[in-house]
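Asker: Questions regarding the structure given below will be posed in turn.
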Amino acid sequence: MRTVLVIDDEIDFYLLIKDYLGQRDYEVHAAHTLTEGLKMLKEKNFDVLLLDNNLPDGYGWKQAPDIQKRFPKLRITLISAYESIFLVTTLEGVPFRIMEKPVSLETLISYF
């Protein structure tokens, strides 16, 4: 079973993702702050990270390159409520997928 960590402060978004992916045999975990999410990443191996760009205690896009360096096998998708110009961007030389909210669940799972 593949594991997914959703770091997003919107509870409804997490519940939607959990329900959708849970039906497709994914184990889904949630963190609602960067601090909580970074702690969870250290404690458990995840296959996929869905990381909100704007969180109460920081910006996901600023943390993404460091997270990728520490966990090179982790597939990271940045989630943004703001219009995204590119589906893939490079931060500090590392390519990241960006999805705009509202998220297309079919497209999201294709990123895994």
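In the structure tokens, the first chain shown is A, the next is B, and so on; residue numbers restart at 1 for each chain, and ligands run from 1 in the order shown.
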Please list as a PyMOL selection string every residue within 12 Å of Leu41 (chain A), counting only C-alpha atoms and excluding residues in the same chain fewer than 2 positions away.
Answerer: chain A and resi 3-7+29-31+34-39+43-51+67-68+70-71+74
Asker: Write out as a ChimeraX atom specification the residues lying within 7 Å of Leu78 (chain A), counting only C-alpha atoms and excluding same-chain residues fewer than 4 positions away.
Answerer: /A:50-53,61,96-99
Asker: Since we have the selection now, will you write its residues out, keeping N, CA, C and O atoms, as a PDB file, in the first residue's frame?
Answerer:
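So again17.pdb came out as:
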```
ATOM      1  N   LEU A  50       1.706  15.743  -0.722  1.00  0.00           N
ATOM      2  CA  LEU A  50       0.911  16.834  -1.285  1.00  0.00           C
ATOM      3  C   LEU A  50       1.104  18.012  -0.337  1.00  0.00           C
ATOM      4  O   LEU A  50       0.691  17.953   0.814  1.00  0.00           O
ATOM      5  N   LEU A  51       1.747  19.052  -0.810  1.00  0.00           N
ATOM      6  CA  LEU A  51       2.195  20.147   0.037  1.00  0.00           C
ATOM      7  C   LEU A  51       1.572  21.459  -0.396  1.00  0.00           C
ATOM      8  O   LEU A  51       1.822  21.943  -1.505  1.00  0.00           O
ATOM      9  N   ASP A  52       0.760  22.028   0.489  1.00  0.00           N
ATOM     10  CA  ASP A  52       0.131  23.316   0.209  1.00  0.00           C
ATOM     11  C   ASP A  52       1.201  24.406   0.169  1.00  0.00           C
ATOM     12  O   ASP A  52       2.157  24.381   0.951  1.00  0.00           O
ATOM     13  N   ASN A  53       1.041  25.355  -0.723  1.00  0.00           N
ATOM     14  CA  ASN A  53       2.012  26.440  -0.848  1.00  0.00           C
ATOM     15  C   ASN A  53       1.927  27.452   0.282  1.00  0.00           C
ATOM     16  O   ASN A  53       2.921  28.055   0.643  1.00  0.00           O
ATOM     17  N   TRP A  61       6.305  25.973  -0.747  1.00  0.00           N
ATOM     18  CA  TRP A  61       7.260  26.049  -1.857  1.00  0.00           C
ATOM     19  C   TRP A  61       8.662  26.383  -1.376  1.00  0.00           C
ATOM     20  O   TRP A  61       9.642  26.012  -2.001  1.00  0.00           O
ATOM     21  N   PHE A  96       9.313  20.441  -9.566  1.00  0.00           N
ATOM     22  CA  PHE A  96       8.129  20.108  -8.771  1.00  0.00           C
ATOM     23  C   PHE A  96       6.880  20.294  -9.615  1.00  0.00           C
ATOM     24  O   PHE A  96       6.799  21.220 -10.412  1.00  0.00           O
ATOM     25  N   ARG A  97       5.925  19.406  -9.400  1.00  0.00           N
ATOM     26  CA  ARG A  97       4.616  19.570 -10.026  1.00  0.00           C
ATOM     27  C   ARG A  97       3.810  20.524  -9.151  1.00  0.00           C
ATOM     28  O   ARG A  97       3.891  20.468  -7.941  1.00  0.00           O
ATOM     29  N   ILE A  98       3.012  21.352  -9.808  1.00  0.00           N
ATOM     30  CA  ILE A  98       2.132  22.261  -9.083  1.00  0.00           C
ATOM     31  C   ILE A  98       0.714  22.009  -9.570  1.00  0.00           C
ATOM     32  O   ILE A  98       0.469  21.958 -10.780  1.00  0.00           O
ATOM     33  N   MET A  99      -0.200  21.854  -8.631  1.00  0.00           N
ATOM     34  CA  MET A  99      -1.621  21.715  -8.968  1.00  0.00           C
ATOM     35  C   MET A  99      -2.378  22.869  -8.356  1.00  0.00           C
ATOM     36  O   MET A  99      -2.129  23.245  -7.223  1.00  0.00           O
TER      37      MET A  99
END
```
Asker: One number please: CA of Asp66 (chain A) to CA of Asp8 (chain A), in Å, one decimal.
Answerer: 17.8 Å
Asker: Tell me, in Å to one decimal, how far CA of Arg2 (chain A) is from CA of Leu55 (chain A).
Answerer: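 Taking CA of Arg2 (chain A) and CA of Leu55 (chain A), their separation equals 24.8 Å.
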Asker: Just to confirm, what's the straight-line distance from CA of Tyr14 (chain A) to CA of Lys62 (chain A) in Å (one decimal)?
Answerer: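 Straight-line distance from CA of Tyr14 (chain A) to CA of Lys62 (chain A) works out to 21.0 Å.
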Asker: Between A:Leu16, A:Ala81, A:Leu105, A:Ile11, which one has atoms that come closest to Thr33 (chain A), using only C-alpha atoms?
Answerer: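 Using only C-alpha atoms, Thr33 (chain A) sits closest to A:Ile11.
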Asker: As number ranges by chain, please: every residue in region 10-72 of chain A that a backbone DSSP assignment puts in helix (DSSP H, G or I).
Answerer: A: 11-22, 34-43, 60-70
Asker: With N, CA, C and O atoms retained, could you export that selection as a short mmCIF file (atom, residue, chain, number, x, y, z; two decimals), in the first residue's frame?
Answerer:
```cif
data_model
loop_
_atom_site.label_atom_id
_atom_site.label_comp_id
_atom_site.auth_asym_id
_atom_site.auth_seq_id
_atom_site.Cartn_x
_atom_site.Cartn_y
_atom_site.Cartn_z
N ILE A 11 -9.12 21.43 6.13
CA ILE A 11 -9.58 20.10 6.54
C ILE A 11 -10.43 19.46 5.46
O ILE A 11 -10.29 18.26 5.17
N ASP A 12 -11.31 20.22 4.82
CA ASP A 12 -12.18 19.66 3.79
C ASP A 12 -11.38 19.12 2.61
O ASP A 12 -11.72 18.09 2.03
N PHE A 13 -10.30 19.81 2.26
CA PHE A 13 -9.44 19.34 1.17
C PHE A 13 -8.83 17.99 1.55
O PHE A 13 -8.84 17.05 0.76
N TYR A 14 -8.30 17.90 2.75
CA TYR A 14 -7.71 16.64 3.22
C TYR A 14 -8.74 15.52 3.19
O TYR A 14 -8.47 14.42 2.72
N LEU A 15 -9.95 15.77 3.69
CA LEU A 15 -10.98 14.73 3.74
C LEU A 15 -11.35 14.25 2.34
O LEU A 15 -11.57 13.06 2.12
N LEU A 16 -11.41 15.17 1.39
CA LEU A 16 -11.70 14.81 0.01
C LEU A 16 -10.61 13.90 -0.55
O LEU A 16 -10.89 12.85 -1.14
N ILE A 17 -9.35 14.28 -0.33
CA ILE A 17 -8.21 13.49 -0.80
C ILE A 17 -8.20 12.12 -0.12
O ILE A 17 -7.99 11.09 -0.75
N LYS A 18 -8.42 12.12 1.19
CA LYS A 18 -8.40 10.86 1.96
C LYS A 18 -9.46 9.90 1.44
O LYS A 18 -9.21 8.71 1.24
N ASP A 19 -10.67 10.41 1.20
CA ASP A 19 -11.76 9.57 0.71
C ASP A 19 -11.43 9.02 -0.68
O ASP A 19 -11.56 7.83 -0.93
N TYR A 20 -10.99 9.89 -1.57
CA TYR A 20 -10.71 9.48 -2.94
C TYR A 20 -9.56 8.47 -3.00
O TYR A 20 -9.67 7.42 -3.63
N LEU A 21 -8.45 8.78 -2.35
CA LEU A 21 -7.29 7.89 -2.40
C LEU A 21 -7.50 6.63 -1.56
O LEU A 21 -7.01 5.56 -1.91
N GLY A 22 -8.24 6.75 -0.48
CA GLY A 22 -8.53 5.58 0.36
C GLY A 22 -9.28 4.51 -0.42
O GLY A 22 -9.05 3.31 -0.24
N LEU A 34 3.24 23.18 8.60
CA LEU A 34 4.55 22.70 8.14
C LEU A 34 5.29 21.99 9.26
O LEU A 34 5.89 20.94 9.05
N THR A 35 5.24 22.56 10.44
CA THR A 35 5.94 21.97 11.59
C THR A 35 5.48 20.54 11.83
O THR A 35 6.30 19.63 11.97
N GLU A 36 4.17 20.35 11.86
CA GLU A 36 3.61 19.01 12.07
C GLU A 36 3.99 18.07 10.93
O GLU A 36 4.37 16.92 11.14
N GLY A 37 3.93 18.56 9.70
CA GLY A 37 4.25 17.75 8.54
C GLY A 37 5.71 17.33 8.50
O GLY A 37 6.02 16.18 8.19
N LEU A 38 6.61 18.24 8.82
CA LEU A 38 8.04 17.92 8.83
C LEU A 38 8.35 16.87 9.88
O LEU A 38 9.17 15.97 9.67
N LYS A 39 7.66 16.96 11.00
CA LYS A 39 7.84 15.95 12.06
C LYS A 39 7.37 14.58 11.58
O LYS A 39 8.04 13.57 11.77
N MET A 40 6.23 14.54 10.91
CA MET A 40 5.69 13.28 10.40
C MET A 40 6.61 12.67 9.35
O MET A 40 6.77 11.45 9.30
N LEU A 41 7.22 13.51 8.50
CA LEU A 41 8.13 13.00 7.47
C LEU A 41 9.33 12.29 8.09
O LEU A 41 9.84 11.33 7.53
N LYS A 42 9.77 12.76 9.25
CA LYS A 42 10.90 12.14 9.94
C LYS A 42 10.52 10.81 10.60
O LYS A 42 11.36 9.94 10.77
N GLU A 43 9.25 10.68 10.95
CA GLU A 43 8.79 9.51 11.72
C GLU A 43 8.30 8.36 10.86
O GLU A 43 8.24 7.23 11.32
N GLY A 60 4.98 26.28 1.71
CA GLY A 60 5.40 24.97 1.26
C GLY A 60 6.45 25.03 0.18
O GLY A 60 7.40 24.24 0.17
N TRP A 61 6.30 25.97 -0.75
CA TRP A 61 7.26 26.05 -1.86
C TRP A 61 8.66 26.38 -1.38
O TRP A 61 9.64 26.01 -2.00
N LYS A 62 8.77 27.07 -0.25
CA LYS A 62 10.10 27.38 0.29
C LYS A 62 10.74 26.15 0.94
O LYS A 62 11.96 26.03 0.95
N GLN A 63 9.94 25.25 1.48
CA GLN A 63 10.44 24.05 2.15
C GLN A 63 10.64 22.89 1.19
O GLN A 63 11.41 21.97 1.48
N ALA A 64 9.97 22.92 0.04
CA ALA A 64 9.99 21.78 -0.88
C ALA A 64 11.39 21.35 -1.31
O ALA A 64 11.69 20.14 -1.29
N PRO A 65 12.28 22.27 -1.69
CA PRO A 65 13.62 21.80 -2.11
C PRO A 65 14.37 21.08 -0.98
O PRO A 65 15.01 20.04 -1.21
N ASP A 66 14.28 21.59 0.24
CA ASP A 66 14.95 20.94 1.37
C ASP A 66 14.33 19.57 1.66
O ASP A 66 15.05 18.61 1.92
N ILE A 67 13.02 19.49 1.60
CA ILE A 67 12.34 18.20 1.83
C ILE A 67 12.80 17.19 0.78
O ILE A 67 13.11 16.05 1.10
N GLN A 68 12.87 17.63 -0.48
CA GLN A 68 13.26 16.72 -1.56
C GLN A 68 14.70 16.23 -1.38
O GLN A 68 15.00 15.08 -1.64
N LYS A 69 15.56 17.12 -0.91
CA LYS A 69 16.95 16.73 -0.67
C LYS A 69 17.06 15.70 0.46
O LYS A 69 17.85 14.76 0.38
N ARG A 70 16.26 15.87 1.50
CA ARG A 70 16.31 14.93 2.63
C ARG A 70 15.61 13.62 2.33
O ARG A 70 15.96 12.59 2.89
#
```
Asker: Find, counting only C-alpha atoms, the residue in A:Met1, A:Val103, A:Ile76, A:Leu108 that gets nearest to Arg24 (chain A).
Answerer: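 Nearest candidate to Arg24 (chain A) out of A:Met1, A:Val103, A:Ile76, A:Leu108: A:Met1.
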Asker: Enumerate, as JSON, numbers by chain, the complete set of residues in chain A that a backbone-based DSSP assignment places in strand (DSSP E).
Answerer: {"A": [2, 3, 4, 5, 6, 7, 26, 27, 28, 29, 30, 31, 48, 49, 50, 51, 52, 54, 55, 58, 59, 75, 76, 77, 78, 79, 80, 88, 89, 90, 91, 94, 95, 96, 97, 98, 99, 100]}
Asker: Pull N, CA, C and O atoms from the residues just selected and write them as a short mmCIF file (atom, residue, chain, number, x, y, z; two decimals), in the first residue's frame.
Answerer:
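Once written, part_34.cif looks like this:
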```cif
data_model
loop_
_atom_site.label_atom_id
_atom_site.label_comp_id
_atom_site.auth_asym_id
_atom_site.auth_seq_id
_atom_site.Cartn_x
_atom_site.Cartn_y
_atom_site.Cartn_z
N ARG A 2 0.62 2.18 -0.89
CA ARG A 2 1.39 3.43 -0.97
C ARG A 2 0.87 4.40 0.08
O ARG A 2 -0.32 4.46 0.36
N THR A 3 1.78 5.19 0.62
CA THR A 3 1.42 6.15 1.66
C THR A 3 1.56 7.58 1.16
O THR A 3 2.49 7.91 0.44
N VAL A 4 0.60 8.38 1.56
CA VAL A 4 0.54 9.78 1.13
C VAL A 4 0.44 10.65 2.37
O VAL A 4 -0.33 10.36 3.29
N LEU A 5 1.22 11.73 2.39
CA LEU A 5 1.09 12.75 3.42
C LEU A 5 0.55 14.01 2.77
O LEU A 5 1.11 14.49 1.79
N VAL A 6 -0.54 14.53 3.32
CA VAL A 6 -1.13 15.78 2.87
C VAL A 6 -0.82 16.83 3.93
O VAL A 6 -1.25 16.70 5.07
N ILE A 7 -0.05 17.84 3.54
CA ILE A 7 0.21 18.97 4.45
C ILE A 7 -0.59 20.14 3.90
O ILE A 7 -0.21 20.78 2.92
N TYR A 26 -4.77 3.63 -1.04
CA TYR A 26 -3.69 4.45 -0.51
C TYR A 26 -3.93 4.68 0.97
O TYR A 26 -5.08 4.83 1.41
N GLU A 27 -2.86 4.74 1.73
CA GLU A 27 -2.94 5.11 3.15
C GLU A 27 -2.63 6.61 3.21
O GLU A 27 -1.55 7.05 2.80
N VAL A 28 -3.58 7.40 3.70
CA VAL A 28 -3.45 8.86 3.65
C VAL A 28 -3.36 9.42 5.07
O VAL A 28 -4.17 9.08 5.94
N HIS A 29 -2.35 10.29 5.29
CA HIS A 29 -2.13 10.94 6.58
C HIS A 29 -2.22 12.45 6.38
O HIS A 29 -1.98 12.94 5.27
N ALA A 30 -2.50 13.18 7.46
CA ALA A 30 -2.64 14.63 7.35
C ALA A 30 -1.80 15.35 8.38
O ALA A 30 -1.63 14.88 9.50
N ALA A 31 -1.31 16.50 7.97
CA ALA A 31 -0.70 17.48 8.86
C ALA A 31 -1.27 18.83 8.42
O ALA A 31 -1.46 19.07 7.23
N VAL A 48 4.38 9.71 -1.28
CA VAL A 48 3.90 10.92 -1.94
C VAL A 48 3.65 12.00 -0.89
O VAL A 48 3.14 11.71 0.20
N LEU A 49 3.98 13.24 -1.25
CA LEU A 49 3.68 14.39 -0.41
C LEU A 49 2.88 15.38 -1.22
O LEU A 49 3.31 15.81 -2.30
N LEU A 50 1.71 15.74 -0.72
CA LEU A 50 0.91 16.83 -1.29
C LEU A 50 1.10 18.01 -0.34
O LEU A 50 0.69 17.95 0.81
N LEU A 51 1.75 19.05 -0.81
CA LEU A 51 2.20 20.15 0.04
C LEU A 51 1.57 21.46 -0.40
O LEU A 51 1.82 21.94 -1.50
N ASP A 52 0.76 22.03 0.49
CA ASP A 52 0.13 23.32 0.21
C ASP A 52 1.20 24.41 0.17
O ASP A 52 2.16 24.38 0.95
N ASN A 54 0.74 27.66 0.84
CA ASN A 54 0.54 28.70 1.84
C ASN A 54 -0.06 28.10 3.10
O ASN A 54 -1.24 27.78 3.13
N LEU A 55 0.77 27.96 4.13
CA LEU A 55 0.34 27.35 5.38
C LEU A 55 0.45 28.36 6.52
O LEU A 55 1.16 29.36 6.39
N GLY A 58 4.19 28.93 7.42
CA GLY A 58 5.21 29.05 6.38
C GLY A 58 4.69 28.72 5.01
O GLY A 58 3.50 28.46 4.81
N TYR A 59 5.61 28.73 4.06
CA TYR A 59 5.28 28.48 2.67
C TYR A 59 5.85 27.14 2.23
O TYR A 59 7.06 26.91 2.34
N ARG A 75 7.81 11.68 -3.80
CA ARG A 75 7.22 12.42 -4.93
C ARG A 75 6.41 13.58 -4.35
O ARG A 75 5.45 13.35 -3.63
N ILE A 76 6.83 14.79 -4.67
CA ILE A 76 6.20 15.98 -4.11
C ILE A 76 5.38 16.70 -5.17
O ILE A 76 5.86 16.96 -6.27
N THR A 77 4.14 17.02 -4.80
CA THR A 77 3.30 17.88 -5.62
C THR A 77 2.90 19.07 -4.76
O THR A 77 2.37 18.89 -3.65
N LEU A 78 3.17 20.28 -5.25
CA LEU A 78 2.77 21.49 -4.56
C LEU A 78 1.33 21.82 -4.96
O LEU A 78 0.96 21.71 -6.13
N ILE A 79 0.55 22.22 -3.97
CA ILE A 79 -0.85 22.55 -4.18
C ILE A 79 -1.02 24.04 -3.90
O ILE A 79 -0.58 24.53 -2.87
N SER A 80 -1.69 24.75 -4.82
CA SER A 80 -1.84 26.18 -4.66
C SER A 80 -3.26 26.62 -4.97
O SER A 80 -3.86 26.16 -5.94
N VAL A 88 4.90 22.28 -13.98
CA VAL A 88 6.16 21.86 -13.37
C VAL A 88 7.04 23.08 -13.28
O VAL A 88 7.18 23.83 -14.24
N THR A 89 7.61 23.31 -12.12
CA THR A 89 8.52 24.42 -11.93
C THR A 89 9.79 23.91 -11.28
O THR A 89 9.81 22.80 -10.75
N THR A 90 10.83 24.68 -11.33
CA THR A 90 12.09 24.29 -10.72
C THR A 90 12.40 25.23 -9.57
O THR A 90 12.43 26.45 -9.76
N LEU A 91 12.60 24.66 -8.40
CA LEU A 91 13.02 25.41 -7.23
C LEU A 91 14.37 24.86 -6.80
O LEU A 91 14.49 23.67 -6.52
N VAL A 94 15.43 21.72 -8.53
CA VAL A 94 14.63 20.51 -8.36
C VAL A 94 13.25 20.76 -8.99
O VAL A 94 12.58 21.72 -8.64
N PRO A 95 12.81 19.89 -9.93
CA PRO A 95 11.50 20.09 -10.54
C PRO A 95 10.37 19.64 -9.61
O PRO A 95 10.48 18.62 -8.94
N PHE A 96 9.31 20.44 -9.57
CA PHE A 96 8.13 20.11 -8.77
C PHE A 96 6.88 20.29 -9.62
O PHE A 96 6.80 21.22 -10.41
N ARG A 97 5.93 19.41 -9.40
CA ARG A 97 4.62 19.57 -10.03
C ARG A 97 3.81 20.52 -9.15
O ARG A 97 3.89 20.47 -7.94
N ILE A 98 3.01 21.35 -9.81
CA ILE A 98 2.13 22.26 -9.08
C ILE A 98 0.71 22.01 -9.57
O ILE A 98 0.47 21.96 -10.78
N MET A 99 -0.20 21.85 -8.63
CA MET A 99 -1.62 21.71 -8.97
C MET A 99 -2.38 22.87 -8.36
O MET A 99 -2.13 23.25 -7.22
N GLU A 100 -3.29 23.38 -9.12
CA GLU A 100 -4.11 24.49 -8.67
C GLU A 100 -5.40 23.96 -8.03
O GLU A 100 -5.99 23.00 -8.52
#
```
